[in-house]
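Undergrad: File name model.cif; file contents mmCIF, C-alpha atoms; full text below.
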data_final
loop_
_atom_site.group_PDB
_atom_site.id
_atom_site.type_symbol
_atom_site.label_atom_id
_atom_site.label_comp_id
_atom_site.auth_asym_id
_atom_site.auth_seq_id
_atom_site.Cartn_x
_atom_site.Cartn_y
_atom_site.Cartn_z
ATOM 1 C CA MET F 1 16.034 25.598 6.247
ATOM 2 C CA HIS F 2 17.754 23.500 8.843
ATOM 3 C CA ALA F 3 20.382 20.886 8.122
ATOM 4 C CA MET F 4 18.896 17.556 7.013
ATOM 5 C CA THR F 5 22.036 15.531 6.498
ATOM 6 C CA GLY F 6 21.516 12.875 9.165
ATOM 7 C CA ARG F 7 23.234 9.812 7.699
ATOM 8 C CA LEU F 8 21.037 6.828 6.924
ATOM 9 C CA PRO F 9 22.306 3.563 8.417
ATOM 10 C CA ARG F 10 24.364 1.550 5.887
ATOM 11 C CA PHE F 11 21.822 -1.307 5.772
ATOM 12 C CA TRP F 12 19.156 1.141 4.497
ATOM 13 C CA PHE F 13 20.800 1.269 1.041
ATOM 14 C CA GLY F 14 20.155 -2.424 0.410
ATOM 15 C CA LEU F 15 16.822 -2.533 2.211
ATOM 16 C CA SER F 16 14.476 -1.407 -0.599
ATOM 17 C CA PRO F 17 15.820 -3.780 -3.336
ATOM 18 C CA LEU F 18 15.821 -6.616 -0.804
ATOM 19 C CA LEU F 19 12.213 -6.023 0.323
ATOM 20 C CA LEU F 20 10.925 -5.446 -3.226
ATOM 21 C CA ALA F 21 12.696 -8.592 -4.463
ATOM 22 C CA LEU F 22 11.158 -10.513 -1.545
ATOM 23 C CA ALA F 23 7.705 -9.083 -2.366
ATOM 24 C CA ALA F 24 7.763 -10.299 -6.004
ATOM 25 C CA PRO F 25 7.493 -14.070 -5.327
ATOM 26 C CA LEU F 26 5.016 -13.415 -2.498
ATOM 27 C CA GLY F 27 2.879 -11.459 -4.993
ATOM 28 C CA PHE F 28 2.905 -14.289 -7.542
ATOM 29 C CA TRP F 29 2.106 -16.823 -4.828
ATOM 30 C CA GLY F 30 -0.687 -14.646 -3.452
ATOM 31 C CA LEU F 31 -2.268 -14.185 -6.902
ATOM 32 C CA TRP F 32 -2.094 -17.913 -7.524
ATOM 33 C CA LEU F 33 -3.829 -18.631 -4.199
ATOM 34 C CA VAL F 34 -6.477 -15.976 -4.903
ATOM 35 C CA GLY F 35 -7.148 -17.549 -8.313
ATOM 36 C CA ASN F 36 -7.633 -20.939 -6.679
ATOM 37 C CA ALA F 37 -9.566 -19.767 -3.605
ATOM 38 C CA PRO F 38 -13.201 -20.927 -3.411
ATOM 39 C CA ILE F 39 -15.862 -18.623 -4.777
ATOM 40 C CA GLU F 40 -18.003 -17.088 -2.052
ATOM 41 C CA ILE F 41 -21.568 -18.361 -2.288
ATOM 42 C CA LEU F 42 -23.484 -15.057 -1.935
ATOM 43 C CA GLN F 43 -21.267 -12.504 -3.690
ATOM 44 C CA GLY F 44 -19.736 -14.704 -6.389
ATOM 45 C CA PRO F 45 -16.475 -13.738 -8.155
ATOM 46 C CA PRO F 46 -16.323 -10.064 -6.997
ATOM 47 C CA GLN F 47 -15.645 -11.329 -3.445
ATOM 48 C CA LYS F 48 -12.080 -12.087 -4.624
ATOM 49 C CA ILE F 49 -11.419 -8.336 -4.331
ATOM 50 C CA PHE F 50 -11.530 -9.005 -0.555
ATOM 51 C CA TYR F 51 -7.992 -10.517 -0.724
ATOM 52 C CA LEU F 52 -6.672 -7.204 -2.045
ATOM 53 C CA HIS F 53 -8.940 -4.594 -0.445
ATOM 54 C CA VAL F 54 -8.609 -5.787 3.159
ATOM 55 C CA PRO F 55 -4.793 -6.298 3.231
ATOM 56 C CA LEU F 56 -4.313 -2.928 1.505
ATOM 57 C CA ALA F 57 -6.260 -1.308 4.359
ATOM 58 C CA TRP F 58 -4.335 -3.214 7.061
ATOM 59 C CA VAL F 59 -0.963 -2.371 5.523
ATOM 60 C CA SER F 60 -1.824 1.304 5.082
ATOM 61 C CA PHE F 61 -2.916 1.476 8.754
ATOM 62 C CA LEU F 62 0.328 -0.197 9.893
ATOM 63 C CA LEU F 63 2.396 2.206 7.785
ATOM 64 C CA PHE F 64 0.475 5.183 9.201
ATOM 65 C CA GLY F 65 1.118 3.772 12.678
ATOM 66 C CA GLY F 66 4.802 3.926 11.764
ATOM 67 C CA VAL F 67 4.356 7.554 10.658
ATOM 68 C CA ALA F 68 2.852 8.426 14.047
ATOM 69 C CA ILE F 69 5.695 6.677 15.923
ATOM 70 C CA CYS F 70 8.326 8.426 13.767
ATOM 71 C CA GLY F 71 6.505 11.723 14.398
ATOM 72 C CA VAL F 72 6.612 11.261 18.182
ATOM 73 C CA ILE F 73 10.302 10.312 18.132
ATOM 74 C CA TYR F 74 11.114 13.229 15.823
ATOM 75 C CA LEU F 75 9.343 15.705 18.101
ATOM 76 C CA ILE F 76 11.299 14.391 21.106
ATOM 77 C CA ARG F 77 14.752 13.842 19.586
ATOM 78 C CA ARG F 78 14.696 16.168 16.519
ATOM 79 C CA ARG F 79 16.849 13.833 14.440
ATOM 80 C CA GLU F 80 16.310 14.181 10.682
ATOM 81 C CA PHE F 81 16.353 10.421 10.206
ATOM 82 C CA TRP F 82 12.926 10.139 11.869
ATOM 83 C CA ASP F 83 11.482 12.828 9.610
ATOM 84 C CA GLN F 84 12.853 11.021 6.541
ATOM 85 C CA ALA F 85 11.594 7.632 7.751
ATOM 86 C CA GLY F 86 8.152 9.103 8.555
ATOM 87 C CA HIS F 87 8.026 10.719 5.108
ATOM 88 C CA GLY F 88 8.813 7.366 3.466
ATOM 89 C CA LEU F 89 6.172 5.504 5.483
ATOM 90 C CA ALA F 90 3.574 8.216 4.794
ATOM 91 C CA SER F 91 4.195 8.024 1.026
ATOM 92 C CA ALA F 92 3.875 4.228 0.929
ATOM 93 C CA GLY F 93 0.824 4.318 3.228
ATOM 94 C CA PHE F 94 -0.839 6.948 1.039
ATOM 95 C CA VAL F 95 -0.412 4.793 -2.073
ATOM 96 C CA MET F 96 -1.837 1.770 -0.217
ATOM 97 C CA LEU F 97 -4.799 3.818 1.044
ATOM 98 C CA THR F 98 -5.419 5.072 -2.500
ATOM 99 C CA GLY F 99 -5.536 1.390 -3.462
ATOM 100 C CA VAL F 100 -8.197 0.850 -0.771
ATOM 101 C CA LEU F 101 -10.280 3.689 -2.224
ATOM 102 C CA VAL F 102 -9.875 2.294 -5.746
ATOM 103 C CA THR F 103 -10.688 -1.347 -4.962
ATOM 104 C CA GLY F 104 -13.560 -0.518 -2.571
ATOM 105 C CA PRO F 105 -15.816 1.129 -5.180
ATOM 106 C CA ILE F 106 -14.958 -1.579 -7.771
ATOM 107 C CA TRP F 107 -16.145 -4.164 -5.225
ATOM 108 C CA ALA F 108 -19.140 -2.049 -4.167
ATOM 109 C CA LYS F 109 -20.549 -1.625 -7.690
ATOM 110 C CA PRO F 110 -21.557 -5.277 -8.327
ATOM 111 C CA ILE F 111 -22.526 -5.943 -4.667
ATOM 112 C CA TRP F 112 -24.196 -2.702 -3.511
ATOM 113 C CA GLY F 113 -25.211 -1.460 -6.961
ATOM 114 C CA THR F 114 -23.337 1.798 -6.503
ATOM 115 C CA TRP F 115 -19.696 2.915 -6.665
ATOM 116 C CA TRP F 116 -19.795 5.091 -3.535
ATOM 117 C CA VAL F 117 -22.045 5.899 -0.575
ATOM 118 C CA TRP F 118 -21.295 8.556 2.054
ATOM 119 C CA GLU F 119 -21.678 6.079 4.911
ATOM 120 C CA PRO F 120 -19.469 6.194 8.053
ATOM 121 C CA ARG F 121 -16.683 3.769 7.134
ATOM 122 C CA LEU F 122 -16.213 5.112 3.618
ATOM 123 C CA THR F 123 -16.400 8.704 4.830
ATOM 124 C CA THR F 124 -13.892 8.247 7.684
ATOM 125 C CA THR F 125 -11.530 6.419 5.290
ATOM 126 C CA PHE F 126 -11.846 9.261 2.803
ATOM 127 C CA ILE F 127 -11.068 11.751 5.617
ATOM 128 C CA LEU F 128 -7.858 9.802 6.355
ATOM 129 C CA TRP F 129 -6.935 10.014 2.664
ATOM 130 C CA VAL F 130 -7.569 13.789 2.668
ATOM 131 C CA LEU F 131 -5.401 14.215 5.807
ATOM 132 C CA TYR F 132 -2.498 12.413 4.150
ATOM 133 C CA ALA F 133 -3.065 14.304 0.894
ATOM 134 C CA ALA F 134 -2.647 17.477 3.002
ATOM 135 C CA TYR F 135 0.512 15.960 4.550
ATOM 136 C CA HIS F 136 2.070 15.501 1.104
ATOM 137 C CA LEU F 137 0.825 18.812 -0.289
ATOM 138 C CA LEU F 138 2.461 20.541 2.674
ATOM 139 C CA ARG F 139 5.778 18.879 1.894
ATOM 140 C CA LEU F 140 5.411 19.588 -1.820
ATOM 141 C CA GLY F 141 4.545 23.215 -1.194
ATOM 142 C CA ARG F 142 7.124 24.127 1.467
ATOM 143 C CA GLY F 143 9.935 21.631 0.927
ATOM 144 C CA ASN F 144 11.296 19.625 3.832
ATOM 145 C CA ASP F 145 12.439 22.313 6.251
ATOM 146 C CA GLY F 146 12.272 22.172 10.053
ATOM 147 C CA TRP F 147 8.816 23.798 10.265
ATOM 148 C CA THR F 148 7.371 21.281 7.794
ATOM 149 C CA ALA F 149 9.016 18.406 9.678
ATOM 150 C CA ARG F 150 7.380 19.512 12.950
ATOM 151 C CA VAL F 151 3.945 20.198 11.426
ATOM 152 C CA THR F 152 3.852 16.933 9.451
ATOM 153 C CA ALA F 153 4.951 15.022 12.577
ATOM 154 C CA VAL F 154 1.957 16.482 14.448
ATOM 155 C CA LEU F 155 -0.327 15.887 11.448
ATOM 156 C CA GLY F 156 0.829 12.251 11.236
ATOM 157 C CA ILE F 157 -0.017 11.708 14.924
ATOM 158 C CA PHE F 158 -3.372 13.497 14.557
ATOM 159 C CA ALA F 159 -4.309 11.554 11.397
ATOM 160 C CA PHE F 160 -3.536 8.245 13.106
ATOM 161 C CA ALA F 161 -6.381 8.952 15.557
ATOM 162 C CA ASP F 162 -8.787 8.443 12.623
ATOM 163 C CA ILE F 163 -7.784 4.769 12.244
ATOM 164 C CA PRO F 164 -9.562 3.396 15.375
ATOM 165 C CA ILE F 165 -12.607 5.439 14.331
ATOM 166 C CA ILE F 166 -12.504 3.777 10.881
ATOM 167 C CA HIS F 167 -12.268 0.339 12.506
ATOM 168 C CA LEU F 168 -15.081 0.978 14.981
ATOM 169 C CA SER F 169 -17.327 2.912 12.562
ATOM 170 C CA VAL F 170 -19.062 -0.271 11.337
ATOM 171 C CA LEU F 171 -19.860 -1.220 14.933
ATOM 172 C CA TRP F 172 -20.980 2.266 16.037
ATOM 173 C CA TRP F 173 -23.116 3.071 12.995
ATOM 174 C CA ARG F 174 -24.623 0.108 11.114
ATOM 175 C CA THR F 175 -25.095 0.959 7.442
ATOM 176 C CA LEU F 176 -23.954 -0.643 4.163
ATOM 177 C CA HIS F 177 -20.378 -1.649 4.927
ATOM 178 C CA PRO F 178 -20.150 -5.198 6.349
ATOM 179 C CA LEU F 179 -19.024 -5.929 9.911
ATOM 180 C CA PRO F 180 -15.448 -7.100 10.512
ATOM 181 C CA VAL F 181 -14.953 -10.613 9.163
ATOM 182 C CA VAL F 182 -11.408 -11.386 10.270
ATOM 183 C CA MET F 183 -10.683 -9.113 13.233
ATOM 184 C CA ARG F 184 -14.107 -9.407 14.786
ATOM 185 C CA GLU F 185 -15.219 -8.757 18.328
ATOM 186 C CA GLY F 186 -17.413 -11.342 20.049
ATOM 187 C CA ASP F 187 -19.936 -12.814 17.658
ATOM 188 C CA VAL F 188 -20.251 -10.031 15.089
ATOM 189 C CA GLY F 189 -19.341 -10.634 11.435
ATOM 190 C CA GLY F 190 -19.680 -13.887 9.584
ATOM 191 C CA GLY F 191 -16.222 -15.373 10.130
ATOM 192 C CA LEU F 192 -13.815 -16.477 7.412
ATOM 193 C CA ASP F 193 -13.738 -19.845 5.670
ATOM 194 C CA PRO F 194 -10.429 -21.617 6.495
ATOM 195 C CA GLU F 195 -9.689 -21.946 2.741
ATOM 196 C CA MET F 196 -9.798 -18.156 2.454
ATOM 197 C CA ARG F 197 -7.248 -17.527 5.229
ATOM 198 C CA MET F 198 -4.105 -18.543 3.347
ATOM 199 C CA PRO F 199 -4.663 -16.291 0.275
ATOM 200 C CA LEU F 200 -5.493 -13.424 2.649
ATOM 201 C CA LEU F 201 -2.337 -14.023 4.719
ATOM 202 C CA ILE F 202 -0.018 -14.251 1.701
ATOM 203 C CA MET F 203 -1.526 -11.157 0.056
ATOM 204 C CA PHE F 204 -1.079 -9.317 3.370
ATOM 205 C CA LEU F 205 2.579 -10.401 3.595
ATOM 206 C CA PHE F 206 3.127 -9.405 -0.036
ATOM 207 C CA LEU F 207 1.621 -5.943 0.420
ATOM 208 C CA LEU F 208 3.397 -5.418 3.759
ATOM 209 C CA THR F 209 6.789 -6.323 2.258
ATOM 210 C CA PHE F 210 6.103 -4.219 -0.834
ATOM 211 C CA GLY F 211 4.879 -1.280 1.266
ATOM 212 C CA LEU F 212 7.952 -1.368 3.518
ATOM 213 C CA GLY F 213 10.155 -1.604 0.396
ATOM 214 C CA LEU F 214 8.446 1.465 -1.059
ATOM 215 C CA ALA F 215 8.828 3.307 2.258
ATOM 216 C CA ALA F 216 12.559 2.489 2.401
ATOM 217 C CA LEU F 217 12.965 3.605 -1.209
ATOM 218 C CA ARG F 218 11.130 6.893 -0.592
ATOM 219 C CA ALA F 219 13.142 7.607 2.570
ATOM 220 C CA ARG F 220 16.357 6.977 0.688
ATOM 221 C CA LEU F 221 15.244 9.277 -2.141
ATOM 222 C CA ARG F 222 14.360 11.950 0.411
ATOM 223 C CA HIS F 223 17.804 11.587 2.006
ATOM 224 C CA ALA F 224 19.471 12.005 -1.417
ATOM 225 C CA GLU F 225 17.268 15.030 -2.223
ATOM 226 C CA ASP F 226 18.240 16.657 1.088
ATOM 227 C CA ARG F 227 21.925 16.112 0.363
ATOM 228 C CA LEU F 228 21.549 17.553 -3.131
ATOM 229 C CA GLU F 229 19.724 20.612 -1.779
ATOM 230 C CA GLU F 230 22.517 21.359 0.678
ATOM 231 C CA MET F 231 25.275 21.192 -1.921
ATOM 232 C CA PRO F 232 26.570 24.513 -3.266
ATOM 233 C CA MET D 1 23.574 0.533 -5.076
ATOM 234 C CA SER D 2 23.553 0.106 -8.840
ATOM 235 C CA SER D 3 24.519 -3.575 -8.730
ATOM 236 C CA ALA D 4 21.593 -4.407 -6.421
ATOM 237 C CA TRP D 5 19.175 -2.505 -8.654
ATOM 238 C CA ASN D 6 20.620 -4.044 -11.823
ATOM 239 C CA ALA D 7 20.181 -7.500 -10.315
ATOM 240 C CA LEU D 8 16.579 -6.660 -9.399
ATOM 241 C CA PHE D 9 15.766 -5.316 -12.892
ATOM 242 C CA ALA D 10 17.440 -8.331 -14.532
ATOM 243 C CA GLY D 11 15.386 -10.626 -12.305
ATOM 244 C CA LEU D 12 12.165 -8.803 -13.221
ATOM 245 C CA ARG D 13 13.002 -8.986 -16.946
ATOM 246 C CA ALA D 14 13.584 -12.715 -16.635
ATOM 247 C CA ARG D 15 10.094 -13.012 -15.186
ATOM 248 C CA VAL D 16 8.243 -11.166 -17.964
ATOM 249 C CA VAL D 17 7.530 -14.374 -19.877
ATOM 250 C CA PRO D 18 6.217 -16.265 -16.804
ATOM 251 C CA VAL D 19 4.065 -13.245 -15.856
ATOM 252 C CA VAL D 20 2.467 -13.090 -19.322
ATOM 253 C CA ALA D 21 1.910 -16.854 -19.219
ATOM 254 C CA LEU D 22 0.331 -16.542 -15.772
ATOM 255 C CA ALA D 23 -1.961 -13.715 -16.943
ATOM 256 C CA VAL D 24 -3.201 -15.913 -19.801
ATOM 257 C CA MET D 25 -3.527 -19.047 -17.713
ATOM 258 C CA LEU D 26 -5.066 -17.529 -14.575
ATOM 259 C CA PRO D 27 -8.674 -17.323 -15.897
ATOM 260 C CA LEU D 28 -8.432 -20.989 -16.866
ATOM 261 C CA GLN D 29 -7.394 -21.850 -13.335
ATOM 262 C CA LEU D 30 -10.195 -20.004 -11.585
ATOM 263 C CA ARG D 31 -12.538 -22.382 -9.846
ATOM 264 C CA ALA D 32 -16.263 -21.952 -9.652
ATOM 265 C CA ASP D 33 -17.981 -23.739 -6.740
ATOM 266 C CA GLY D 34 -14.782 -25.612 -5.987
ATOM 267 C CA VAL D 35 -14.851 -28.031 -8.935
ATOM 268 C CA GLU D 36 -16.018 -26.367 -12.149
ATOM 269 C CA ARG D 37 -13.388 -25.233 -14.676
ATOM 270 C CA ILE D 38 -14.668 -22.352 -16.790
ATOM 271 C CA PRO D 39 -13.511 -21.155 -20.245
ATOM 272 C CA ALA D 40 -11.345 -18.032 -20.386
ATOM 273 C CA THR D 41 -13.952 -15.919 -22.235
ATOM 274 C CA VAL D 42 -16.629 -16.655 -19.622
ATOM 275 C CA ALA D 43 -14.108 -16.044 -16.841
ATOM 276 C CA VAL D 44 -13.122 -12.647 -18.224
ATOM 277 C CA ASP D 45 -16.780 -11.567 -18.251
ATOM 278 C CA ARG D 46 -17.618 -12.940 -14.792
ATOM 279 C CA PHE D 47 -14.395 -11.709 -13.268
ATOM 280 C CA ARG D 48 -14.221 -8.267 -14.913
ATOM 281 C CA PHE D 49 -14.568 -6.439 -11.581
ATOM 282 C CA VAL D 50 -11.868 -8.646 -10.056
ATOM 283 C CA PHE D 51 -9.499 -8.013 -12.962
ATOM 284 C CA GLY D 52 -10.324 -4.289 -12.804
ATOM 285 C CA ALA D 53 -9.497 -4.057 -9.088
ATOM 286 C CA TYR D 54 -6.296 -6.122 -9.278
ATOM 287 C CA GLY D 55 -5.173 -4.457 -12.514
ATOM 288 C CA ALA D 56 -5.727 -0.928 -11.188
ATOM 289 C CA THR D 57 -3.968 -1.640 -7.878
ATOM 290 C CA PHE D 58 -0.956 -3.379 -9.402
ATOM 291 C CA ALA D 59 -0.650 -0.602 -11.993
ATOM 292 C CA LEU D 60 -0.749 1.994 -9.186
ATOM 293 C CA LEU D 61 1.908 0.199 -7.103
ATOM 294 C CA ALA D 62 4.153 -0.452 -10.119
ATOM 295 C CA ALA D 63 3.868 3.155 -11.317
ATOM 296 C CA PHE D 64 4.762 4.543 -7.873
ATOM 297 C CA CYS D 65 7.732 2.170 -7.569
ATOM 298 C CA ALA D 66 8.969 3.042 -11.076
ATOM 299 C CA VAL D 67 8.712 6.806 -10.435
ATOM 300 C CA LEU D 68 10.632 6.485 -7.140
ATOM 301 C CA ALA D 69 13.359 4.332 -8.741
ATOM 302 C CA TRP D 70 13.687 6.746 -11.673
ATOM 303 C CA ARG D 71 13.881 9.810 -9.393
ATOM 304 C CA LEU D 72 16.391 8.118 -7.088
ATOM 305 C CA ARG D 73 18.639 7.214 -10.008
ATOM 306 C CA ARG D 74 18.419 10.787 -11.320
ATOM 307 C CA VAL D 75 19.187 12.421 -7.955
ATOM 308 C CA GLU D 76 22.058 10.029 -7.195
ATOM 309 C CA ARG D 77 23.591 10.734 -10.615
ATOM 310 C CA LEU D 78 23.357 14.477 -9.891
ATOM 311 C CA LEU D 79 25.014 13.883 -6.498
ATOM 312 C CA GLU D 80 27.813 11.851 -8.083
ATOM 313 C CA GLY D 81 28.294 14.618 -10.657
ATOM 314 C CA ARG D 82 28.674 17.275 -7.962
ATOM 315 C CA GLU D 83 30.988 15.204 -5.758
#
As a first step, turn the structure in this file into structure tokens.
TA:
Amino acid sequence: MHAMTGRLPRFWFGLSPLLLALAAPLGFWGLWLVGNAPIEILQGPPQKIFYLHVPLAWVSFLLFGGVAICGVIYLIRRREFWDQAGHGLASAGFVMLTGVLVTGPIWAKPIWGTWWVWEPRLTTTFILWVLYAAYHLLRLGRGNDGWTARVTAVLGIFAFADIPIIHLSVLWWRTLHPLPVVMREGDVGGGLDPEMRMPLLIMFLFLLTFGLGLAALRARLRHAEDRLEEMP
Amino acid sequence: MSSAWNALFAGLRARVVPVVALAVMLPLQLRADGVERIPATVAVDRFRFVFGAYGATFALLAAFCAVLAWRLRRVERLLEGRE
């Protein structure tokens, strides 16, 4: 075991309550906007899952981007703070991605008639989930020593490479999953009704704030666990 | 640390009543085709997949947050005890 007592910056201790408190009103506002958003003409009510499913995916990808950046910095500088921050971001991202894999099938059932299909986007997303499950199992199994910090840093960078593949999978292989609606290239996808943009934006801000709050909380817990482990 | 958390928990407790009220009122507020107001019983049936997805996700996020907060409080108490 190597020493893991890198001190967290003072602001970190107030960061998680602040972000979570900020997320609460955004969540209420987002739910209110979703409730009042127009009903999509082809899919009907189940389309409202869009305002949760899509931002969950975006936020998990952003958090995993943070894991990859923390991994690179950790491998260069070897400061424990970056391992702790990466661990926090990976935990929050994993929960968000689990949310994607929960809401996706619930949306798929009434629209596609099935909970799950092994088509490219779903499969590549599931692979990302498995990679991060391995990330956490590694930490659970070995603790947070120097070897684990290095291996999970590399794993975090490697897993991030799956995200562009997930995004492009619907363009490379056309199957059941729809084309991008919001972040579309050229003329693909159907576009988004202006009335649907605001609920999507607020739900994204809510989940981003909540996800960062969870990441800060997990990093702080990890820091406390490391300190406890080093005490006689 | 504890004062910030206590303030957060107190704030959440103060919002329990509005949250319950919102959960009851939300189906009544859902619009169909932009103008139609639909009864709660019909809304619950038509929106069961929506409620399932939102309920499962919010339960997942709340459970993860609660477990982290509980573990942090436990570990910090152990640290205070040893110091």
Undergrad: Would you mind listing what lies within 12 Å of F:Gly99 as a ChimeraX atom specification, with only C-alpha atoms counted and same-chain residues fewer than 3 positions away left out?
TA: /F:49,52-60,92-96,102-106,125-126,129,207,211 /D:52-62,64
Undergrad: Run the PyMOL selection byres ((chain F) within 6 of (chain D)) on the file and write out the hits as an NGL selection string.
TA: :F and (35-36 or 38-39 or 45-46 or 49 or 99 or 103 or 221)
Undergrad: Report the residues retrieved by the PyMOL selection byres ((chain F and resi 218) around 12) from the displayed file, expressed as a ChimeraX atom specification.
TA: /F:12-13,15-17,83-93,95,211-217,219-225 /D:64-72
Undergrad: In Å, with one decimal, what is the gap from atom CA of F:Leu122 to atom CA of F:Leu101?
TA: 8.4 Å
Undergrad: Could you list the residues chosen by the PyMOL selection byres ((chain F and resi 24) around 10) in this structure as a PDB file with C-alpha atoms, keeping the file's coordinate frame?
TA:
ATOM      1  CA  LEU F  19      12.213  -6.023   0.323  1.00  0.00           C
ATOM      2  CA  LEU F  20      10.925  -5.446  -3.226  1.00  0.00           C
ATOM      3  CA  ALA F  21      12.696  -8.592  -4.463  1.00  0.00           C
ATOM      4  CA  LEU F  22      11.158 -10.513  -1.545  1.00  0.00           C
ATOM      5  CA  ALA F  23       7.705  -9.083  -2.366  1.00  0.00           C
ATOM      6  CA  PRO F  25       7.493 -14.070  -5.327  1.00  0.00           C
ATOM      7  CA  LEU F  26       5.016 -13.415  -2.498  1.00  0.00           C
ATOM      8  CA  GLY F  27       2.879 -11.459  -4.993  1.00  0.00           C
ATOM      9  CA  PHE F  28       2.905 -14.289  -7.542  1.00  0.00           C
ATOM     10  CA  TRP F  29       2.106 -16.823  -4.828  1.00  0.00           C
ATOM     11  CA  GLY F  30      -0.687 -14.646  -3.452  1.00  0.00           C
ATOM     12  CA  PHE F 206       3.127  -9.405  -0.036  1.00  0.00           C
ATOM     13  CA  LEU F 207       1.621  -5.943   0.420  1.00  0.00           C
ATOM     14  CA  THR F 209       6.789  -6.323   2.258  1.00  0.00           C
ATOM     15  CA  PHE F 210       6.103  -4.219  -0.834  1.00  0.00           C
TER      16      PHE F 210
ATOM     17  CA  GLY D  11      15.386 -10.626 -12.305  1.00  0.00           C
ATOM     18  CA  LEU D  12      12.165  -8.803 -13.221  1.00  0.00           C
ATOM     19  CA  ARG D  15      10.094 -13.012 -15.186  1.00  0.00           C
TER      20      ARG D  15
END
Undergrad: Would you work out the distance separating atom CA of F:Pro120 from atom CA of F:Gly44, expressed in Å to one decimal?
TA: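 Straight-line distance from atom CA of F:Pro120 to atom CA of F:Gly44 works out to 25.4 Å.
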Undergrad: So what do you get for atom CA of F:Leu18 versus atom CA of F:Leu31, distance-wise?
TA: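 Separation between atom CA of F:Leu18 and atom CA of F:Leu31: 20.5 Å.
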Undergrad: For F:Leu179, which residue out of F:Ile73, F:Ile111, F:Leu62, F:His167 is the nearest one, using all atoms listed in the file?
TA: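 Ranked by minimum distance to F:Leu179, first place goes to F:His167.
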